[in-house]
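A.B. asks: One file: final.cif (mmCIF, N, CA and C atoms).
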data_entry
loop_
_atom_site.label_atom_id
_atom_site.label_comp_id
_atom_site.auth_asym_id
_atom_site.auth_seq_id
_atom_site.Cartn_x
_atom_site.Cartn_y
_atom_site.Cartn_z
N MET T 105 20.20 17.81 45.26
CA MET T 105 20.00 19.03 44.53
C MET T 105 19.45 18.67 43.15
N LYS T 106 18.46 19.44 42.73
CA LYS T 106 17.83 19.19 41.45
C LYS T 106 17.76 20.51 40.69
N ILE T 107 18.26 20.48 39.45
CA ILE T 107 18.24 21.68 38.61
C ILE T 107 17.40 21.37 37.37
N THR T 108 16.47 22.26 37.08
CA THR T 108 15.63 22.10 35.91
C THR T 108 15.84 23.29 34.99
N ILE T 109 16.11 22.99 33.72
CA ILE T 109 16.27 24.04 32.72
C ILE T 109 15.19 23.85 31.68
N GLU T 110 14.42 24.88 31.44
CA GLU T 110 13.36 24.83 30.45
C GLU T 110 13.70 25.80 29.32
N ILE T 111 13.74 25.27 28.11
CA ILE T 111 14.06 26.09 26.95
C ILE T 111 12.83 26.13 26.06
N ASP T 112 12.38 27.32 25.74
CA ASP T 112 11.20 27.50 24.89
C ASP T 112 11.67 28.00 23.53
N CYS T 113 11.69 27.09 22.53
CA CYS T 113 12.12 27.48 21.19
C CYS T 113 11.44 26.57 20.17
N THR T 114 11.49 27.00 18.95
CA THR T 114 10.93 26.20 17.86
C THR T 114 11.93 25.12 17.45
N PRO T 115 11.50 24.12 16.73
CA PRO T 115 12.45 23.10 16.25
C PRO T 115 13.57 23.71 15.39
N ALA T 116 13.23 24.68 14.57
CA ALA T 116 14.26 25.33 13.74
C ALA T 116 15.28 26.05 14.61
N GLU T 117 14.82 26.73 15.66
CA GLU T 117 15.74 27.41 16.57
C GLU T 117 16.61 26.40 17.33
N ALA T 118 16.04 25.26 17.70
CA ALA T 118 16.81 24.23 18.40
C ALA T 118 17.90 23.66 17.49
N ARG T 119 17.55 23.39 16.22
CA ARG T 119 18.56 22.88 15.28
C ARG T 119 19.68 23.89 15.08
N ALA T 120 19.31 25.15 14.92
CA ALA T 120 20.33 26.19 14.74
C ALA T 120 21.19 26.31 15.99
N GLY T 121 20.60 26.20 17.17
CA GLY T 121 21.34 26.30 18.42
C GLY T 121 22.32 25.16 18.62
N MET T 122 21.99 23.99 18.07
CA MET T 122 22.90 22.84 18.19
C MET T 122 23.89 22.78 17.03
N GLY T 123 23.77 23.70 16.08
CA GLY T 123 24.71 23.73 14.96
C GLY T 123 24.34 22.80 13.82
N LEU T 124 23.12 22.32 13.79
CA LEU T 124 22.70 21.43 12.70
C LEU T 124 22.32 22.26 11.48
N PRO T 125 22.50 21.71 10.27
CA PRO T 125 22.18 22.47 9.06
C PRO T 125 20.67 22.57 8.85
N ASP T 126 20.26 23.60 8.13
CA ASP T 126 18.85 23.80 7.79
C ASP T 126 18.56 22.99 6.53
N LEU T 127 17.77 21.94 6.67
CA LEU T 127 17.48 21.06 5.55
C LEU T 127 16.11 21.32 4.92
N GLU T 128 15.42 22.36 5.36
CA GLU T 128 14.11 22.65 4.81
C GLU T 128 14.12 22.87 3.30
N PRO T 129 15.06 23.65 2.75
CA PRO T 129 15.07 23.81 1.28
C PRO T 129 15.30 22.49 0.54
N LEU T 130 16.18 21.65 1.06
CA LEU T 130 16.45 20.36 0.44
C LEU T 130 15.22 19.46 0.52
N GLN T 131 14.55 19.44 1.67
CA GLN T 131 13.36 18.64 1.83
C GLN T 131 12.25 19.11 0.89
N ALA T 132 12.09 20.41 0.75
CA ALA T 132 11.07 20.95 -0.16
C ALA T 132 11.37 20.54 -1.60
N GLU T 133 12.64 20.56 -1.98
CA GLU T 133 13.04 20.15 -3.33
C GLU T 133 12.76 18.67 -3.57
N VAL T 134 13.12 17.84 -2.60
CA VAL T 134 12.90 16.40 -2.73
C VAL T 134 11.41 16.10 -2.81
N MET T 135 10.62 16.73 -1.96
CA MET T 135 9.18 16.49 -1.97
C MET T 135 8.55 16.96 -3.28
N ALA T 136 9.01 18.06 -3.82
CA ALA T 136 8.50 18.53 -5.11
C ALA T 136 8.83 17.54 -6.23
N GLU T 137 10.03 16.97 -6.20
CA GLU T 137 10.42 15.98 -7.21
C GLU T 137 9.59 14.70 -7.07
N ILE T 138 9.37 14.26 -5.84
CA ILE T 138 8.54 13.08 -5.61
C ILE T 138 7.13 13.32 -6.12
N GLN T 139 6.59 14.49 -5.82
CA GLN T 139 5.24 14.81 -6.27
C GLN T 139 5.17 14.87 -7.80
N ARG T 140 6.19 15.44 -8.44
CA ARG T 140 6.22 15.52 -9.90
C ARG T 140 6.24 14.13 -10.51
N ARG T 141 7.09 13.25 -9.98
CA ARG T 141 7.19 11.89 -10.51
C ARG T 141 5.90 11.10 -10.28
N LEU T 142 5.30 11.27 -9.12
CA LEU T 142 4.06 10.57 -8.83
C LEU T 142 2.94 11.03 -9.74
N MET T 143 2.81 12.31 -9.95
CA MET T 143 1.77 12.83 -10.82
C MET T 143 2.00 12.38 -12.27
N GLN T 144 3.25 12.34 -12.70
CA GLN T 144 3.57 11.88 -14.05
C GLN T 144 3.21 10.39 -14.19
N ALA T 145 3.51 9.60 -13.18
CA ALA T 145 3.18 8.17 -13.23
C ALA T 145 1.67 7.95 -13.23
N LEU T 146 0.96 8.73 -12.45
CA LEU T 146 -0.50 8.59 -12.40
C LEU T 146 -1.15 9.01 -13.71
N ALA T 147 -0.57 9.98 -14.38
CA ALA T 147 -1.14 10.45 -15.64
C ALA T 147 -1.02 9.39 -16.74
N THR T 148 0.00 8.57 -16.67
CA THR T 148 0.22 7.56 -17.71
C THR T 148 -0.28 6.18 -17.31
N THR T 149 -0.98 6.10 -16.19
CA THR T 149 -1.43 4.81 -15.69
C THR T 149 -2.69 4.36 -16.42
N ASP T 150 -2.64 3.15 -16.93
CA ASP T 150 -3.78 2.53 -17.59
C ASP T 150 -4.32 1.46 -16.64
N PRO T 151 -5.59 1.54 -16.22
CA PRO T 151 -6.12 0.56 -15.28
C PRO T 151 -5.98 -0.89 -15.76
N GLN T 152 -6.16 -1.12 -17.04
CA GLN T 152 -6.04 -2.48 -17.56
C GLN T 152 -4.60 -2.98 -17.42
N GLN T 153 -3.64 -2.11 -17.67
CA GLN T 153 -2.23 -2.50 -17.52
C GLN T 153 -1.90 -2.77 -16.05
N LEU T 154 -2.49 -1.99 -15.14
CA LEU T 154 -2.27 -2.24 -13.71
C LEU T 154 -2.78 -3.62 -13.32
N LEU T 155 -3.96 -3.99 -13.80
CA LEU T 155 -4.50 -5.31 -13.48
C LEU T 155 -3.61 -6.41 -14.04
N LYS T 156 -3.07 -6.20 -15.23
CA LYS T 156 -2.16 -7.20 -15.80
C LYS T 156 -0.90 -7.33 -14.95
N THR T 157 -0.44 -6.22 -14.40
CA THR T 157 0.75 -6.24 -13.56
C THR T 157 0.46 -6.92 -12.23
N TRP T 158 -0.69 -6.60 -11.64
CA TRP T 158 -1.01 -7.15 -10.33
C TRP T 158 -1.45 -8.61 -10.40
N ALA T 159 -2.13 -8.99 -11.46
CA ALA T 159 -2.60 -10.37 -11.63
C ALA T 159 -2.14 -10.87 -13.00
N PRO T 160 -0.86 -11.22 -13.13
CA PRO T 160 -0.32 -11.55 -14.45
C PRO T 160 -0.91 -12.81 -15.07
N TRP T 161 -1.54 -13.67 -14.28
CA TRP T 161 -2.04 -14.92 -14.84
C TRP T 161 -3.39 -14.75 -15.50
N GLY T 162 -4.14 -13.76 -15.13
CA GLY T 162 -5.46 -13.55 -15.70
C GLY T 162 -6.45 -14.61 -15.27
N ALA T 163 -7.45 -14.86 -16.10
CA ALA T 163 -8.52 -15.80 -15.76
C ALA T 163 -7.99 -17.22 -15.68
N GLN T 164 -7.06 -17.59 -16.56
CA GLN T 164 -6.51 -18.95 -16.54
C GLN T 164 -5.78 -19.21 -15.23
N GLY T 165 -5.06 -18.22 -14.75
CA GLY T 165 -4.36 -18.38 -13.48
C GLY T 165 -5.32 -18.53 -12.32
N LEU T 166 -6.41 -17.77 -12.35
CA LEU T 166 -7.42 -17.87 -11.31
C LEU T 166 -8.05 -19.26 -11.30
N GLU T 167 -8.38 -19.78 -12.48
CA GLU T 167 -8.96 -21.12 -12.57
C GLU T 167 -7.97 -22.17 -12.07
N ALA T 168 -6.71 -22.02 -12.42
CA ALA T 168 -5.69 -22.96 -11.96
C ALA T 168 -5.56 -22.91 -10.44
N PHE T 169 -5.60 -21.71 -9.88
CA PHE T 169 -5.51 -21.57 -8.43
C PHE T 169 -6.73 -22.20 -7.75
N GLN T 170 -7.91 -21.99 -8.33
CA GLN T 170 -9.11 -22.59 -7.76
C GLN T 170 -9.04 -24.11 -7.79
N SER T 171 -8.60 -24.68 -8.90
CA SER T 171 -8.50 -26.15 -8.98
C SER T 171 -7.43 -26.67 -8.01
N PHE T 172 -6.35 -25.92 -7.82
CA PHE T 172 -5.33 -26.30 -6.85
C PHE T 172 -5.93 -26.29 -5.44
N MET T 173 -6.70 -25.27 -5.12
CA MET T 173 -7.29 -25.19 -3.79
C MET T 173 -8.33 -26.29 -3.59
N ARG T 174 -9.09 -26.62 -4.63
CA ARG T 174 -10.06 -27.72 -4.52
C ARG T 174 -9.34 -29.03 -4.23
N ALA T 175 -8.25 -29.26 -4.95
CA ALA T 175 -7.49 -30.49 -4.75
C ALA T 175 -6.87 -30.52 -3.35
N ALA T 176 -6.42 -29.37 -2.87
CA ALA T 176 -5.80 -29.31 -1.55
C ALA T 176 -6.81 -29.50 -0.43
N THR T 177 -8.07 -29.14 -0.67
CA THR T 177 -9.08 -29.25 0.38
C THR T 177 -9.92 -30.51 0.26
N GLY T 178 -9.52 -31.43 -0.54
CA GLY T 178 -10.23 -32.69 -0.63
C GLY T 178 -11.06 -32.85 -1.88
N GLY T 179 -10.94 -31.93 -2.79
CA GLY T 179 -11.62 -32.07 -4.06
C GLY T 179 -13.08 -31.71 -4.04
N ALA T 180 -13.58 -31.11 -2.98
CA ALA T 180 -14.99 -30.72 -2.93
C ALA T 180 -15.23 -29.62 -3.94
N LYS T 181 -16.23 -29.83 -4.75
CA LYS T 181 -16.54 -28.84 -5.78
C LYS T 181 -17.94 -28.34 -5.52
N SER T 182 -18.06 -27.07 -5.16
CA SER T 182 -19.39 -26.53 -4.87
C SER T 182 -19.67 -25.35 -5.76
N THR T 183 -20.94 -25.19 -6.06
CA THR T 183 -21.38 -24.04 -6.81
C THR T 183 -22.41 -23.30 -5.98
N SER T 184 -22.82 -22.16 -6.43
CA SER T 184 -23.80 -21.40 -5.67
C SER T 184 -25.13 -22.14 -5.60
N LYS T 185 -25.49 -22.94 -6.64
CA LYS T 185 -26.73 -23.73 -6.63
C LYS T 185 -26.65 -24.81 -5.55
N ASP T 186 -25.48 -25.48 -5.45
CA ASP T 186 -25.31 -26.52 -4.45
C ASP T 186 -25.40 -25.92 -3.05
N ASP T 187 -24.79 -24.77 -2.84
CA ASP T 187 -24.80 -24.11 -1.55
C ASP T 187 -26.21 -23.72 -1.16
N ALA T 188 -27.00 -23.23 -2.10
CA ALA T 188 -28.37 -22.82 -1.82
C ALA T 188 -29.23 -24.02 -1.46
N ALA T 189 -28.99 -25.18 -2.10
CA ALA T 189 -29.79 -26.37 -1.84
C ALA T 189 -29.48 -26.98 -0.48
N THR T 190 -28.26 -26.86 0.01
CA THR T 190 -27.88 -27.48 1.27
C THR T 190 -28.14 -26.60 2.48
N LYS T 191 -28.30 -25.32 2.29
CA LYS T 191 -28.53 -24.40 3.40
C LYS T 191 -30.01 -24.44 3.80
N PRO T 192 -30.30 -24.55 5.09
CA PRO T 192 -31.70 -24.52 5.50
C PRO T 192 -32.28 -23.12 5.36
N ARG T 193 -33.52 -23.05 4.99
CA ARG T 193 -34.19 -21.76 4.86
C ARG T 193 -34.81 -21.38 6.18
N ARG T 194 -34.83 -20.10 6.46
CA ARG T 194 -35.42 -19.62 7.71
C ARG T 194 -36.73 -18.94 7.46
#
Could you spell out this file's structure in structure tokens?
C.D. replies:
Amino acid sequence: MKITIEIDCTPAEARAGMGLPDLEPLQAEVMAEIQRRLMQALATTDPQQLLKTWAPWGAQGLEAFQSFMRAATGGAKSTSKDDAATKPRR
């Protein structure tokens, strides 16, 4: 024997039918607060300060990383002029 029950209702009606609380007002409040904080943070964002935060070492750190990578890969030092001279032309 097989019994099939089909219930046609909205998610809100299903939550109410199972006795769950309506969280839509709370969710709307939380989302509004998140949006307010995000917009406030974006308004005070300075692109130069963001770069300092994301790359705190600046140019010196980049040069140090490049020299570290050169040393780790065998010390090969290439420039764009060297690369152009070694590549065959077509």
A.B. asks: When you draw a straight line from atom N of Val134 (chain T) to CA of Thr148 (chain T), how long is it in Å?
C.D. replies: 22.4 Å
A.B. asks: What does the structure give for the distance between CA of Leu166 (chain T) and CA of Leu146 (chain T), in Å to one decimal?
C.D. replies: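 Separation of CA of Leu166 (chain T) and CA of Leu146 (chain T): 27.4 Å.
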A.B. asks: Rounded to one decimal in Å, what is the spacing between atom C of Asp112 (chain T) and CA of Leu124 (chain T)?
C.D. replies: 16.8 Å
